[in-house]
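For reference, the structure discussed in these notes is given below.
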There are 2 protein chains.
Amino acid sequence: MPPQQARTLRDLLDDDDLRGLQEWLAEHQPYEIADELARADEVEAVLLFRLLDKDRALTVFEELEPTDQHKVLSGLRDTAFRDVVEQMDPDDRARLLGEAPAKFARHVLAGLSPHERALTAALLGYPEHSVGRYMSPETVAVRFHVTAEQALAVVRSRGAHAETVYTLPVIDDRRCFLGTVSLRDLVLSPPERPVSEIVDRDRPHVHATDDVEEAARLMQDTNVLALPVTDSENRVLGLLTIDDAVEVIEAADTEDIARQSASAPWSGHYMSAGVVELARSRAVWLLLLIVAATLTVNVLQVFEDTLASVTALALFIPLLVGTGGNAGAQAATAAVRALAVGEVRSRDVLRVAWRECRVGLVLGAMLAVVALLIGALVVNVTVAASVAVSLVIVCAWAATIGSTMPLLAKRIGIDPAVISAPLVTTLVDATGLIIYFLVAQLVFGL
Amino acid sequence: MPPQQARTLRDLLDDDDLRGLQEWLAEHQPYEIADELARADEVEAVLLFRLLDKDRALTVFEELEPTDQHKVLSGLRDTAFRDVVEQMDPDDRARLLGEAPAKFARHVLAGLSPHERALTAALLGYPEHSVGRYMSPETVAVRFHVTAEQALAVVRSRGAHAETVYTLPVIDDRRCFLGTVSLRDLVLSPPERPVSEIVDRDRPHVHATDDVEEAARLMQDTNVLALPVTDSENRVLGLLTIDDAVEVIEAADTEDIARQSASAPWSGHYMSAGVVELARSRAVWLLLLIVAATLTVNVLQVFEDTLASVTALALFIPLLVGTGGNAGAQAATAAVRALAVGEVRSRDVLRVAWRECRVGLVLGAMLAVVALLIGALVVNVTVAASVAVSLVIVCAWAATIGSTMPLLAKRIGIDPAVISAPLVTTLVDATGLIIYFLVAQLVFGL
């Protein structure tokens, strides 16, 4: 018999080797197991999940995306199901329910203890993508008139159930938010020092209805481990913790990257997404783009006589529109990212346009030299000259359009990531062809 | 005189209104000031920086990217310069020096106290993109045989200078790493409980020479606030903290996004990058792509006779290669992202190829119907049929190639993000044209 280590999880699953699977599970970290669960089909995922001991099962479960949690829960029997859900953190549970069908959500809420149900339901009241959906309601707040020692006693008595005790909201007698104190400052301060002297009143805080991505980026900019969340009356509702903020930022980046290639973002694991699901996430944009590309057919029809008299011009169409598209895509991607991380604002549009126009001219001039050489070698100098001159204009035009469209989209309230590279490419294609044929008509004296 | 609030920083700078600038600085958060410094030119950046009081100046400075830190430091006079550098965290300083010219680095190291210089120099010994460059060497380690109360006393006496005290490495008598204990567990444990009973031995740790992006993603997967860093003899060198890990992940995402549009990543702020710098980050790829695009010229030359006899075929060239490129770009972007976040491994290549091929067929069939309608309306049914049939084949081919190239790149040790959408598009262009003309020759019986 070969040694166990040499056999992959796939082999063990195919052999239904329960002993081997248990050993494999014991040897791997929860996040590695979660990754394999996400890649497995429903039956295998549930089998693996049931082989985990209770404590580890919960840790693994919390690592899963909501769609994969759903997959596992659907396959468990009722009691096991309720146990898992009851032990999840309320914010994770709210996210799971937010993505589940209504019948499933009712089923889960019915299985909870009244206290747990109240916490989850409170979180569910906030709109999608709001801080309220992601915050941890179980926090330890301290009153401003106690001493550091008394505050530490509060942490000792109530800290076991809180998600974090490193950032403690400080409240006044009316339970209004005053600022935060860190556990570090409490531990390092003399015991008798009042909290009112060590409270940090300048730390940012957010409202439960604020956008969660902006809150997460604020945490990243200010290097805090947790951000207090308040209601409209300035009362503390919970904390947004850094681990949840990192997930939010990563999900937003994944979404932006998907949008950049003109795909709709989908939730869940790449390997567990089906053919139809993937096709659906890409179909709408491909359809819109092919309709937009009809414009290139119309443009070419207008210049059909020029094309018929100098067929060699057709040879360079893919090279010219391709290069223009690439230059536009580069500028658009840079602008979308700069907007996402807050380096550029929509009112910078004129400065950005002027700079990218010059970048495009520099790049176009460089490419024109190359195109002139290639064109002269492969076809003839006249065609090559038309291509070279067109490239300079097309690159400047593409970089300007590509960089300003995301900023203008943001200004009129559209997600700038929608201005994807393929969208810019398609729009630049049609205008690039117009430029090319007008230049060619001048060069050939048609 | 109009109220101060209505005047922007730009106005204040243009008027040289020092009082107004000081008020503006007092009203804004360090990260907002850092953002403005990055956007300002050198003279203005130094002016703003000098107007900050000493404590806030350091906080603002640490928020800046190394290139912008460099800009501010170059403009300060020597004593002020040394003060700022001396007070930076050693890991931030190491990163600043890592990006600065050698003369500048020597100048900075010379200005440091021996203790500070030793810390920085130790960090500088690690290769770029290694954990060693990003870790915080100033940590509080506790010995495994002390009690929780004694460990807390260690934190109180030495914690003031450490970057974090929430995760404490636990060491044995030979100073070897055993595991970690959290400040939370120390505070919540009975005072007399030995650390050896509460130490968590299962938490992951990394070597100083490990890749920092992998370490950061490991932190994200395991939800830890700090990751112990050890040397080859298992001795504790420092901690990688979550705020540095978030910066690493964001920088890696920004880099991947830049690569996806075939730009070289550049360090620093989008608004402070010059025209030449931006052009340089994009020039190499544009040059490579235009040379690769010469292939499309050659392909069209081969089919020049077909093109001359049916000029209408040329009308659909941009639409066909554009759509094929879009389908390929979508698949490539999805695969690159799935690799980056660890959802796919390079050995999944066959599963991915088979799935994406089917996704491409579904999408191609849908687009073929649209193309048939458009083509029949604009030109004629025979050309439309050629386009439609080609689209099905091209989309399946593009999705398969686009998704598998990043996985194959990873397998042979190339950064998969280099397989950018424009690269896939350019390669698909040439093959798409071959498919199109072969199909057209069949349809027209040429």
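Following the order of the structure tokens, chains are lettered A, B, ..., residues in each are numbered from 1, and ligands are numbered from 1.
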
| field | Residues flagged strand (DSSP E or B) by DSSP in range 146-236 of chain A, as a PyMOL selection string | value | chain A and resi 147+167-171+176-182+194+200+206-207+211+226-230+235-236

| request: With a distance cut-off of 8 Å and only C-alpha atoms, select the neighbouring residues of range 245-258 of chain B, excluding the residue or stretch itself and same-chain residues fewer than 2 positions from it, and output the selection as number ranges by chain. | output: A: 220, 246, 253, 257, 330, 333-334, 337; B: 212-213, 215-217, 219, 240-243, 260-266, 417

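Shortest atom-to-atom contact with chain A among B:Gly445, B:Pro194, B:Gly159, B:Gly75: B:Gly159, counting only C-alpha atoms.
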
| request: Mind checking which residues fall within 6 Å of range 61-74 of chain A, counting only C-alpha atoms, ignoring those fewer than 3 positions away in the same chain, and posting them as an MDAnalysis selection string? | output: chainID A and resid 34 38 42 46 57:58 96 268

| Å distance separating CA of Val84 in chain A from CA of Asp200 in chain B, one decimal place |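 Pair CA of Val84 in chain A / CA of Asp200 in chain B returns 23.7 Å.
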
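Here CA of Ser346 in chain A stands at a distance of 23.1 Å from CA of Arg282 in chain B.
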
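Across the structure, CA of Ala122 in chain A and CA of Arg201 in chain A are spaced 27.2 Å apart.
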
| field | Residue contacts of Asp210 in chain A (9 Å, only C-alpha atoms) excluding same-chain residues fewer than 2 positions away, as a count of residues only | value | 11

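All residues within range 116-172 of chain B that the backbone DSSP calculation assigns to helix (DSSP H, G or I) are B:Glu116, B:Arg117, B:Ala118, B:Leu119, B:Thr120, B:Ala121, B:Ala122, B:Leu123, B:Leu124, B:Val131, B:Gly132, B:Arg133, B:Tyr134, B:Ala148, B:Glu149, B:Gln150, B:Ala151, B:Leu152, B:Ala153, B:Val154, B:Val155, B:Arg156, B:Ser157, B:Arg158, B:Gly159, B:Ala160, B:His161.
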
I need the residues from that last selection saved to file as a CSV table (one decimal), in the first residue's frame (with C-alpha atoms), if you can.
chain,number,residue,atom,x,y,z
B,116,GLU,CA,17.7,52.7,14.7
B,117,ARG,CA,20.3,52.1,12.0
B,118,ALA,CA,20.7,48.6,13.1
B,119,LEU,CA,17.0,47.9,12.9
B,120,THR,CA,16.7,49.4,9.4
B,121,ALA,CA,19.8,47.7,8.1
B,122,ALA,CA,18.6,44.4,9.4
B,123,LEU,CA,15.4,44.8,7.4
B,124,LEU,CA,17.2,45.9,4.3
B,131,VAL,CA,8.3,39.3,4.4
B,132,GLY,CA,11.5,40.6,6.0
B,133,ARG,CA,11.1,44.0,4.2
B,134,TYR,CA,7.6,44.5,5.6
B,148,ALA,CA,-0.7,35.3,32.3
B,149,GLU,CA,-0.2,38.0,35.0
B,150,GLN,CA,3.6,38.0,34.4
B,151,ALA,CA,3.1,38.1,30.7
B,152,LEU,CA,0.9,41.2,31.1
B,153,ALA,CA,3.6,42.8,33.2
B,154,VAL,CA,6.0,42.2,30.3
B,155,VAL,CA,3.6,43.9,27.9
B,156,ARG,CA,3.2,46.8,30.3
B,157,SER,CA,7.0,47.3,30.6
B,158,ARG,CA,8.0,46.8,27.0
B,159,GLY,CA,4.8,47.3,25.0
B,160,ALA,CA,5.1,51.1,24.5
B,161,HIS,CA,7.6,50.7,21.7

| Neighbour list for Leu51 in chain A as a PyMOL selection string, cut-off 12 Å, only C-alpha atoms, skip fewer than 6 positions in-chain | chain A and resi 17-26+33+44-45+57+60

Restricting the output to C-alpha atoms, write the selected residues as a compact mmCIF listing (two decimals), in the first residue's frame.
# COMPACT_ATOMS: atom_id res chain seq x y z
CA ASP A 17 -11.74 6.12 2.12
CA LEU A 18 -13.27 7.65 5.29
CA ARG A 19 -10.21 6.94 7.49
CA GLY A 20 -7.94 8.52 4.91
CA LEU A 21 -10.25 11.53 4.58
CA GLN A 22 -10.29 12.07 8.35
CA GLU A 23 -6.51 12.00 8.39
CA TRP A 24 -6.38 14.43 5.47
CA LEU A 25 -8.76 16.80 7.31
CA ALA A 26 -6.71 16.60 10.51
CA ILE A 33 -10.40 22.65 3.84
CA GLU A 44 -18.70 15.47 -1.51
CA ALA A 45 -18.82 18.83 0.30
CA ALA A 57 -16.54 22.52 11.34
CA VAL A 60 -14.29 25.97 8.21

| field | Best match for closeness to Leu363 in chain A among A:Ile171, A:Val394, A:Leu300, A:Pro406, counting only C-alpha atoms | value | A:Val394
